[in-house]
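Below: one structure, written as structure tokens.
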Amino acid sequence: MEKQNLVKRAKCGDEEAFVQLMDAQTENMYKIAKSILRNDADAADAMAETVLTCWEKLGTLKKDSYFKTWMIRILMNKCYDLIRERERLLGKDQVQEQSSWEKGYERAEWEMVLQFLDEKYRLILLLYYVENLKIREISQILQLPLSTVKTRLARGRRQLADELKQEERREKS
Amino acid sequence: MSKQENIRKLQERTEVPSVVREKMKQAYDEIRKKERAVEQKENRVVDSPQDRRTHGISWKKAGIIFVAATLFMITVTAAAGVYVRWSDGLKEKLQITEKQEQQLEAEGATETSGTSCTSQGITITAVQSITDQKISHLAFSVKGYTAREGEQPAFETVVVTVGKEEADYAGGFQNFGEREAPVYVKNDGTMEYLLMIDQKTVETLKGKKIQVMFENLGTVDSQAQFVPDIQGSWKLEWALEGVEQEESISVNQKIADTDTTVKKIEITPLSLTICYDMPRKKIIEQIYEDEGVSTRETYEEPWFLYGFRMKDGTVRKLEFQSQEQGYEDERSDAYTVTYATDQIMENEEIAGLLYVKPGGNIQEPEEENLVEIAVK
């Protein structure tokens, strides 16, 4: 069933259509949440909050075709809300220390790739290559000028290539 | 390792950890729970008796009201005493009297589900249904959208599903004015959309889960083309309440000097079925197509049913909303015609069926062109 049809049905209160719609997004939502929060438990909280908010606010979505970018924006806000809440409770320094990639955890290859990247490039590469969003859409989600998104995308790719070369050199030596 | 390879790694499928899946499941369960609570609350809503008012509608459509005798054999059911919000459109369309309102309510033939859906600031509510085993008439209130004066409102798509099957239906916004000067908006600012379902794939409509999906609202232009205005979809779902009543009357009479016999008639509150024994007579029918005139072989149909002769001697014309007819199988001479009536049927006052002789005016036949078949 087409995504927009599911959005239509969900907007009319069909919760099973909504579950189907969100379920199809779970994997990509997880990648985004994990790239921001860097641990599964927080990613799970942010994603669950996103599900509830999307359901509650779905009626405000102007165009069905905007669903994906709208949902990602909500997810990112939830992630940043969580970080702010932690900072308020624990202090910024402690949160930054904790927010390094989970230790003792066998990371998937996509996570290994992401950890090479600066935070500001990480999301842009994910949204571009994983979510297949257009540069214009990424600029709307991140509220950044188009030129900034293009620049960061290019620099992110370059950083990825540089880091990989260094990694290979390290492995050889 | 190339850059492309790393991008591929970013895109590769990943296993979502159980802690995430569990949290998502909890969120979905919470939504389902909330929805169940809302549905239960909506199903408990009943209108006050004060809401059962008329709105000063034009009642100029001539009509005949038949109430099935079975409607008078009122048995108090669980539905008795539940107030139903009567649709102005349905009352006008089916020419329903106050007495009939009470009878239909007492029998549980009609209900107000109250199910509603809001999208784009427009709320559609299932106001009322009148259902028997064969036919269901539904009325929906549309709030938040007003067609401009003189324009006919319409939905671009309406999909009706009964059980798991898509159902045949006829539907449209009710015109409360005249044909030449239509009025679609009522005094309270709402409009009414009426649907008639004729579902043949289920034994009975009573108790069946129904889903009505409306998509995109707009108007119909002079070329009968849909002109979109509001993009949106509204889905309503509930279980149809109704009655299963049918009276079968044995007739066994030939129509005039033909070899067609009216075997019996079957009457439900919203339908009439006539069963004939009609030996097949092949005819060649001309079909007018773009490429020219072609012919096909078919069978003669029964004479045109004009209406009923009532016991007081008056003639009552019937206007049917749909008609389905044909031989029961390839070999048999048993031919059945089922009509969805636009009135509640009352068979105790019927004295006979009135057919129009071939060649007679089927709209306003002369008395000498009518052939009567006594039914009692």
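Quick note on naming: the chains in the structure tokens go A, B, ... in the order shown, residues restart at 1 in each chain, and ligands are numbered from 1 in order of appearance.
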
Which of region 1-120 of chain A DSSP labels alpha helix (DSSP H), written as a PyMOL selection string: chain A and resi 3-11+15-23+26-37+40-57+67-90+92-98+109-115+119-120

Contact residues (chain A, partner chain B, 6 Å, only C-alpha atoms) as a list in words: Lys8, Cys12, Ala44, Ala48, Trp110, Val130 and Ala161 of chain A

Quick one: write out the picked residues with all heavy atoms as a PDB file, in the first residue's frame?
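Result saved to out-v2.pdb:
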ATOM      1  N   LYS A   8      -3.178   9.144   4.618  1.00  0.00           N
ATOM      2  CA  LYS A   8      -4.592   9.543   4.517  1.00  0.00           C
ATOM      3  C   LYS A   8      -5.432   8.782   5.536  1.00  0.00           C
ATOM      4  O   LYS A   8      -6.226   9.341   6.268  1.00  0.00           O
ATOM      5  CB  LYS A   8      -5.128   9.221   3.118  1.00  0.00           C
ATOM      6  CG  LYS A   8      -5.017  10.361   2.146  1.00  0.00           C
ATOM      7  CD  LYS A   8      -5.849  10.007   0.914  1.00  0.00           C
ATOM      8  CE  LYS A   8      -5.807  11.071  -0.137  1.00  0.00           C
ATOM      9  NZ  LYS A   8      -4.538  11.565  -0.567  1.00  0.00           N
ATOM     10  N   CYS A  12      -7.365   9.889   9.257  1.00  0.00           N
ATOM     11  CA  CYS A  12      -8.774   9.678   9.559  1.00  0.00           C
ATOM     12  C   CYS A  12      -8.971   8.784  10.771  1.00  0.00           C
ATOM     13  O   CYS A  12     -10.059   8.280  10.994  1.00  0.00           O
ATOM     14  CB  CYS A  12      -9.464   9.063   8.361  1.00  0.00           C
ATOM     15  SG  CYS A  12      -9.972  10.323   7.248  1.00  0.00           S
ATOM     16  N   ALA A  44      15.325   4.762  21.899  1.00  0.00           N
ATOM     17  CA  ALA A  44      14.007   4.138  22.058  1.00  0.00           C
ATOM     18  C   ALA A  44      13.010   5.146  22.635  1.00  0.00           C
ATOM     19  O   ALA A  44      11.865   5.250  22.161  1.00  0.00           O
ATOM     20  CB  ALA A  44      14.111   2.925  22.970  1.00  0.00           C
ATOM     21  N   ALA A  48       9.707   6.502  20.636  1.00  0.00           N
ATOM     22  CA  ALA A  48       8.361   6.269  21.162  1.00  0.00           C
ATOM     23  C   ALA A  48       7.621   7.596  21.326  1.00  0.00           C
ATOM     24  O   ALA A  48       6.432   7.705  20.993  1.00  0.00           O
ATOM     25  CB  ALA A  48       8.443   5.536  22.500  1.00  0.00           C
ATOM     26  N   TRP A 110      27.325   0.567   9.798  1.00  0.00           N
ATOM     27  CA  TRP A 110      26.869   1.937   9.526  1.00  0.00           C
ATOM     28  C   TRP A 110      27.246   2.871  10.684  1.00  0.00           C
ATOM     29  O   TRP A 110      27.537   4.039  10.479  1.00  0.00           O
ATOM     30  CB  TRP A 110      25.363   1.965   9.235  1.00  0.00           C
ATOM     31  CG  TRP A 110      24.469   1.617  10.404  1.00  0.00           C
ATOM     32  CD1 TRP A 110      24.044   0.393  10.760  1.00  0.00           C
ATOM     33  CD2 TRP A 110      23.921   2.521  11.355  1.00  0.00           C
ATOM     34  NE1 TRP A 110      23.250   0.450  11.867  1.00  0.00           N
ATOM     35  CE2 TRP A 110      23.158   1.761  12.256  1.00  0.00           C
ATOM     36  CE3 TRP A 110      23.987   3.898  11.552  1.00  0.00           C
ATOM     37  CZ2 TRP A 110      22.476   2.311  13.335  1.00  0.00           C
ATOM     38  CZ3 TRP A 110      23.299   4.466  12.623  1.00  0.00           C
ATOM     39  CH2 TRP A 110      22.556   3.677  13.506  1.00  0.00           C
ATOM     40  N   VAL A 130      20.577   7.805   3.508  1.00  0.00           N
ATOM     41  CA  VAL A 130      19.720   6.760   4.080  1.00  0.00           C
ATOM     42  C   VAL A 130      18.242   7.094   3.865  1.00  0.00           C
ATOM     43  O   VAL A 130      17.462   6.258   3.420  1.00  0.00           O
ATOM     44  CB  VAL A 130      20.028   6.563   5.582  1.00  0.00           C
ATOM     45  CG1 VAL A 130      19.109   5.512   6.188  1.00  0.00           C
ATOM     46  CG2 VAL A 130      21.485   6.151   5.760  1.00  0.00           C
ATOM     47  N   ALA A 161      36.076  10.170   3.467  1.00  0.00           N
ATOM     48  CA  ALA A 161      37.164   9.609   2.661  1.00  0.00           C
ATOM     49  C   ALA A 161      38.500   9.733   3.403  1.00  0.00           C
ATOM     50  O   ALA A 161      39.283   8.767   3.468  1.00  0.00           O
ATOM     51  CB  ALA A 161      37.225  10.330   1.319  1.00  0.00           C
TER      52      ALA A 161
END

Who sits within 12 Å of Gln115 (chain A), only C-alpha atoms, same chain under 3 positions skipped, as a ChimeraX atom specification: /A:34-36,38,100-102,107-112,118-123,156,159-160,163-164 /B:6,10

Just write the chosen residues, C-alpha atoms, as an mmCIF file, in the first residue's frame.
data_model
loop_
_atom_site.group_PDB
_atom_site.id
_atom_site.type_symbol
_atom_site.label_atom_id
_atom_site.label_comp_id
_atom_site.auth_asym_id
_atom_site.auth_seq_id
_atom_site.Cartn_x
_atom_site.Cartn_y
_atom_site.Cartn_z
ATOM 1 C CA LYS A 34 21.075 6.738 17.428
ATOM 2 C CA SER A 35 23.313 9.106 15.496
ATOM 3 C CA ILE A 36 22.164 11.988 17.713
ATOM 4 C CA ARG A 38 24.342 7.479 20.649
ATOM 5 C CA SER A 100 30.161 9.191 23.314
ATOM 6 C CA TRP A 101 29.310 6.015 21.405
ATOM 7 C CA GLU A 102 28.256 3.212 23.690
ATOM 8 C CA ARG A 107 28.556 -1.610 16.519
ATOM 9 C CA ALA A 108 27.045 -2.187 13.139
ATOM 10 C CA GLU A 109 29.072 -1.080 10.175
ATOM 11 C CA TRP A 110 26.869 1.937 9.526
ATOM 12 C CA GLU A 111 27.600 3.148 13.064
ATOM 13 C CA MET A 112 31.329 2.671 12.529
ATOM 14 C CA ASP A 118 31.744 15.285 12.898
ATOM 15 C CA GLU A 119 28.297 15.705 14.332
ATOM 16 C CA LYS A 120 27.383 18.463 11.871
ATOM 17 C CA TYR A 121 28.006 16.161 8.897
ATOM 18 C CA ARG A 122 26.574 13.010 10.395
ATOM 19 C CA LEU A 123 22.895 13.863 10.143
ATOM 20 C CA GLY A 156 31.142 15.229 5.083
ATOM 21 C CA GLN A 159 35.905 13.771 5.818
ATOM 22 C CA LEU A 160 34.599 10.279 5.374
ATOM 23 C CA GLU A 163 39.075 9.202 7.830
ATOM 24 C CA LEU A 164 38.916 5.992 5.869
ATOM 25 C CA ASN B 6 30.966 3.320 3.058
ATOM 26 C CA LEU B 10 25.337 3.655 5.841
#

Neighbour list for Thr336 (chain B) as a list in words, cut-off 12 Å, only C-alpha atoms, skip fewer than 3 positions in-chain: Thr260, Thr261, Val262, Lys263, Lys264, Ile265, Glu266, Leu272, Thr273, Ile274, Cys275, Tyr276, Asp277, Met278, Glu301, Pro302, Gln323, Glu324, Gln325, Gly326, Tyr327, Glu328, Asp329, Ser332, Asp333 and Tyr339 of chain B

How would the residues just picked look written out with N, CA, C and O atoms as a CSV table (one decimal), in the first residue's frame?
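So the final result, stored in selection-v1.csv, reads:
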chain,number,residue,atom,x,y,z
B,260,THR,N,-46.3,-15.4,-18.8
B,260,THR,CA,-45.5,-15.0,-17.7
B,260,THR,C,-46.3,-15.1,-16.4
B,260,THR,O,-47.4,-14.5,-16.4
B,261,THR,N,-45.9,-15.8,-15.4
B,261,THR,CA,-46.6,-16.0,-14.2
B,261,THR,C,-45.9,-15.3,-13.0
B,261,THR,O,-44.7,-15.5,-12.9
B,262,VAL,N,-46.6,-14.4,-12.3
B,262,VAL,CA,-46.1,-13.9,-11.1
B,262,VAL,C,-46.2,-14.9,-10.0
B,262,VAL,O,-47.3,-15.3,-9.6
B,263,LYS,N,-45.1,-15.5,-9.6
B,263,LYS,CA,-45.2,-16.6,-8.6
B,263,LYS,C,-45.4,-16.1,-7.2
B,263,LYS,O,-46.3,-16.5,-6.5
B,264,LYS,N,-44.5,-15.1,-6.8
B,264,LYS,CA,-44.7,-14.6,-5.5
B,264,LYS,C,-44.0,-13.2,-5.4
B,264,LYS,O,-43.2,-12.9,-6.3
B,265,ILE,N,-44.3,-12.5,-4.3
B,265,ILE,CA,-43.5,-11.3,-4.1
B,265,ILE,C,-43.0,-11.3,-2.7
B,265,ILE,O,-43.6,-12.0,-1.8
B,266,GLU,N,-41.8,-10.8,-2.5
B,266,GLU,CA,-41.1,-10.7,-1.2
B,266,GLU,C,-40.9,-9.3,-0.8
B,266,GLU,O,-40.3,-8.5,-1.6
B,272,LEU,N,-38.4,-4.7,-2.7
B,272,LEU,CA,-39.5,-5.5,-3.2
B,272,LEU,C,-38.8,-6.5,-4.2
B,272,LEU,O,-38.1,-6.1,-5.1
B,273,THR,N,-39.2,-7.8,-4.1
B,273,THR,CA,-38.7,-8.8,-5.0
B,273,THR,C,-39.9,-9.5,-5.6
B,273,THR,O,-40.8,-9.9,-4.9
B,274,ILE,N,-39.9,-9.5,-7.0
B,274,ILE,CA,-41.0,-10.3,-7.6
B,274,ILE,C,-40.3,-11.5,-8.4
B,274,ILE,O,-39.4,-11.3,-9.1
B,275,CYS,N,-40.9,-12.6,-8.1
B,275,CYS,CA,-40.4,-13.9,-8.7
B,275,CYS,C,-41.4,-14.3,-9.8
B,275,CYS,O,-42.6,-14.4,-9.5
B,276,TYR,N,-40.9,-14.5,-11.0
B,276,TYR,CA,-41.7,-14.9,-12.1
B,276,TYR,C,-41.4,-16.3,-12.6
B,276,TYR,O,-40.2,-16.7,-12.4
B,277,ASP,N,-42.3,-16.9,-13.2
B,277,ASP,CA,-42.0,-18.0,-14.1
B,277,ASP,C,-42.2,-17.5,-15.5
B,277,ASP,O,-43.3,-17.2,-15.9
B,278,MET,N,-41.1,-17.4,-16.2
B,278,MET,CA,-41.2,-16.7,-17.5
B,278,MET,C,-40.4,-17.5,-18.6
B,278,MET,O,-39.2,-17.4,-18.7
B,301,GLU,N,-38.0,-9.2,-21.4
B,301,GLU,CA,-38.1,-8.9,-20.0
B,301,GLU,C,-39.5,-8.8,-19.6
B,301,GLU,O,-40.4,-8.7,-20.4
B,302,PRO,N,-39.8,-8.9,-18.3
B,302,PRO,CA,-41.2,-8.8,-17.8
B,302,PRO,C,-41.8,-7.4,-18.2
B,302,PRO,O,-41.0,-6.5,-18.4
B,323,GLN,N,-32.5,-1.5,-9.4
B,323,GLN,CA,-33.2,-2.6,-9.9
B,323,GLN,C,-32.2,-3.7,-10.4
B,323,GLN,O,-31.2,-3.3,-11.0
B,324,GLU,N,-32.4,-4.9,-9.9
B,324,GLU,CA,-31.6,-6.0,-10.4
B,324,GLU,C,-32.4,-7.1,-10.9
B,324,GLU,O,-33.4,-7.5,-10.2
B,325,GLN,N,-32.2,-7.6,-12.1
B,325,GLN,CA,-33.1,-8.6,-12.6
B,325,GLN,C,-32.3,-9.6,-13.5
B,325,GLN,O,-31.2,-9.4,-13.9
B,326,GLY,N,-33.0,-10.8,-13.6
B,326,GLY,CA,-32.4,-11.8,-14.5
B,326,GLY,C,-32.9,-13.2,-14.2
B,326,GLY,O,-33.6,-13.4,-13.2
B,327,TYR,N,-32.5,-14.1,-15.1
B,327,TYR,CA,-32.9,-15.5,-14.8
B,327,TYR,C,-32.0,-16.1,-13.7
B,327,TYR,O,-30.8,-15.6,-13.6
B,328,GLU,N,-32.5,-17.0,-12.9
B,328,GLU,CA,-31.8,-17.5,-11.8
B,328,GLU,C,-30.5,-18.3,-12.2
B,328,GLU,O,-29.5,-18.3,-11.6
B,329,ASP,N,-30.7,-19.0,-13.4
B,329,ASP,CA,-29.5,-19.7,-13.9
B,329,ASP,C,-29.7,-19.8,-15.4
B,329,ASP,O,-30.6,-19.3,-16.0
B,332,SER,N,-33.0,-22.3,-16.2
B,332,SER,CA,-34.3,-22.2,-15.6
B,332,SER,C,-35.1,-21.1,-16.2
B,332,SER,O,-34.6,-20.1,-16.8
B,333,ASP,N,-36.5,-21.1,-16.0
B,333,ASP,CA,-37.4,-20.1,-16.4
B,333,ASP,C,-37.7,-19.2,-15.3
B,333,ASP,O,-38.6,-18.3,-15.4
B,339,TYR,N,-36.2,-4.8,-6.5
B,339,TYR,CA,-36.1,-3.3,-6.5
B,339,TYR,C,-35.8,-2.8,-5.1
B,339,TYR,O,-36.2,-3.3,-4.1

Spatial neighbours of Cys54 (chain A), 10 Å, only C-alpha atoms, chain gap at least 5 places, as a count of residues only: 12

Selection near region 294-298 of chain B, 7 Å with only C-alpha atoms, sequence-local residues under 3 positions removed, as a list in words: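 Residues meeting the cut-off are Lys282, Ile283, Ile284, Glu285, Gln286, Ile287 and Tyr288 of chain B.
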
Writer output for current selection, all heavy atoms, as a short mmCIF file (atom, residue, chain, number, x, y, z; two decimals), in the first residue's frame:
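Below is the file that was written, part11.cif:
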data_model
loop_
_atom_site.label_atom_id
_atom_site.label_comp_id
_atom_site.auth_asym_id
_atom_site.auth_seq_id
_atom_site.Cartn_x
_atom_site.Cartn_y
_atom_site.Cartn_z
N LYS B 282 -36.35 -15.46 -27.07
CA LYS B 282 -35.19 -14.74 -27.60
C LYS B 282 -35.62 -13.54 -28.41
O LYS B 282 -36.60 -13.60 -29.17
CB LYS B 282 -34.35 -15.68 -28.47
CG LYS B 282 -33.44 -16.55 -27.64
CD LYS B 282 -32.51 -17.34 -28.51
CE LYS B 282 -31.67 -18.26 -27.62
NZ LYS B 282 -30.94 -19.24 -28.39
N ILE B 283 -34.90 -12.45 -28.25
CA ILE B 283 -35.14 -11.28 -29.08
C ILE B 283 -33.79 -10.75 -29.57
O ILE B 283 -32.75 -11.02 -28.95
CB ILE B 283 -35.89 -10.15 -28.33
CG1 ILE B 283 -35.16 -9.80 -27.01
CG2 ILE B 283 -37.33 -10.50 -28.07
CD1 ILE B 283 -35.65 -8.54 -26.35
N ILE B 284 -33.82 -10.03 -30.65
CA ILE B 284 -32.59 -9.40 -31.14
C ILE B 284 -32.66 -7.93 -30.75
O ILE B 284 -33.62 -7.23 -31.08
CB ILE B 284 -32.47 -9.54 -32.69
CG1 ILE B 284 -32.52 -11.01 -33.10
CG2 ILE B 284 -31.17 -8.87 -33.19
CD1 ILE B 284 -31.36 -11.87 -32.61
N GLU B 285 -31.67 -7.49 -30.02
CA GLU B 285 -31.66 -6.11 -29.53
C GLU B 285 -30.62 -5.31 -30.30
O GLU B 285 -29.52 -5.81 -30.56
CB GLU B 285 -31.28 -6.16 -28.04
CG GLU B 285 -31.58 -4.91 -27.28
CD GLU B 285 -31.22 -5.11 -25.81
OE1 GLU B 285 -30.02 -5.37 -25.50
OE2 GLU B 285 -32.11 -5.01 -24.97
N GLN B 286 -30.97 -4.09 -30.65
CA GLN B 286 -30.00 -3.24 -31.34
C GLN B 286 -29.19 -2.45 -30.32
O GLN B 286 -29.74 -1.92 -29.35
CB GLN B 286 -30.73 -2.27 -32.28
CG GLN B 286 -31.24 -2.96 -33.53
CD GLN B 286 -31.70 -1.97 -34.56
OE1 GLN B 286 -32.26 -0.94 -34.23
NE2 GLN B 286 -31.49 -2.29 -35.83
N ILE B 287 -27.89 -2.39 -30.55
CA ILE B 287 -27.03 -1.63 -29.65
C ILE B 287 -26.37 -0.51 -30.44
O ILE B 287 -25.78 -0.75 -31.49
CB ILE B 287 -25.92 -2.53 -29.04
CG1 ILE B 287 -26.57 -3.73 -28.33
CG2 ILE B 287 -25.06 -1.77 -28.04
CD1 ILE B 287 -25.60 -4.84 -28.05
N TYR B 288 -26.53 0.69 -29.95
CA TYR B 288 -25.97 1.86 -30.64
C TYR B 288 -24.62 2.18 -30.04
O TYR B 288 -24.49 2.52 -28.86
CB TYR B 288 -26.94 3.05 -30.52
CG TYR B 288 -28.26 2.76 -31.19
CD1 TYR B 288 -29.31 2.16 -30.47
CD2 TYR B 288 -28.46 3.03 -32.54
CE1 TYR B 288 -30.51 1.86 -31.08
CE2 TYR B 288 -29.67 2.72 -33.15
CZ TYR B 288 -30.68 2.14 -32.43
OH TYR B 288 -31.87 1.83 -33.04
#

Coordinates-based distance that separates CA of Glu92 (chain B) from CA of Ile122 (chain B) (Å, one decimal):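 We find that CA of Ile122 (chain B) and CA of Glu92 (chain B) lie 24.4 Å from each other.
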
Filtered DSSP result for region 102-338 of chain B, state strand (DSSP E), as a ChimeraX atom specification: /B:110-111,116-119,122-131,135-143,152-162,165-166,168-173,191-198,209-220,226-239,247-254,261-268,271-277,282-289,292-299,304-310,315-317,320-327,334-338
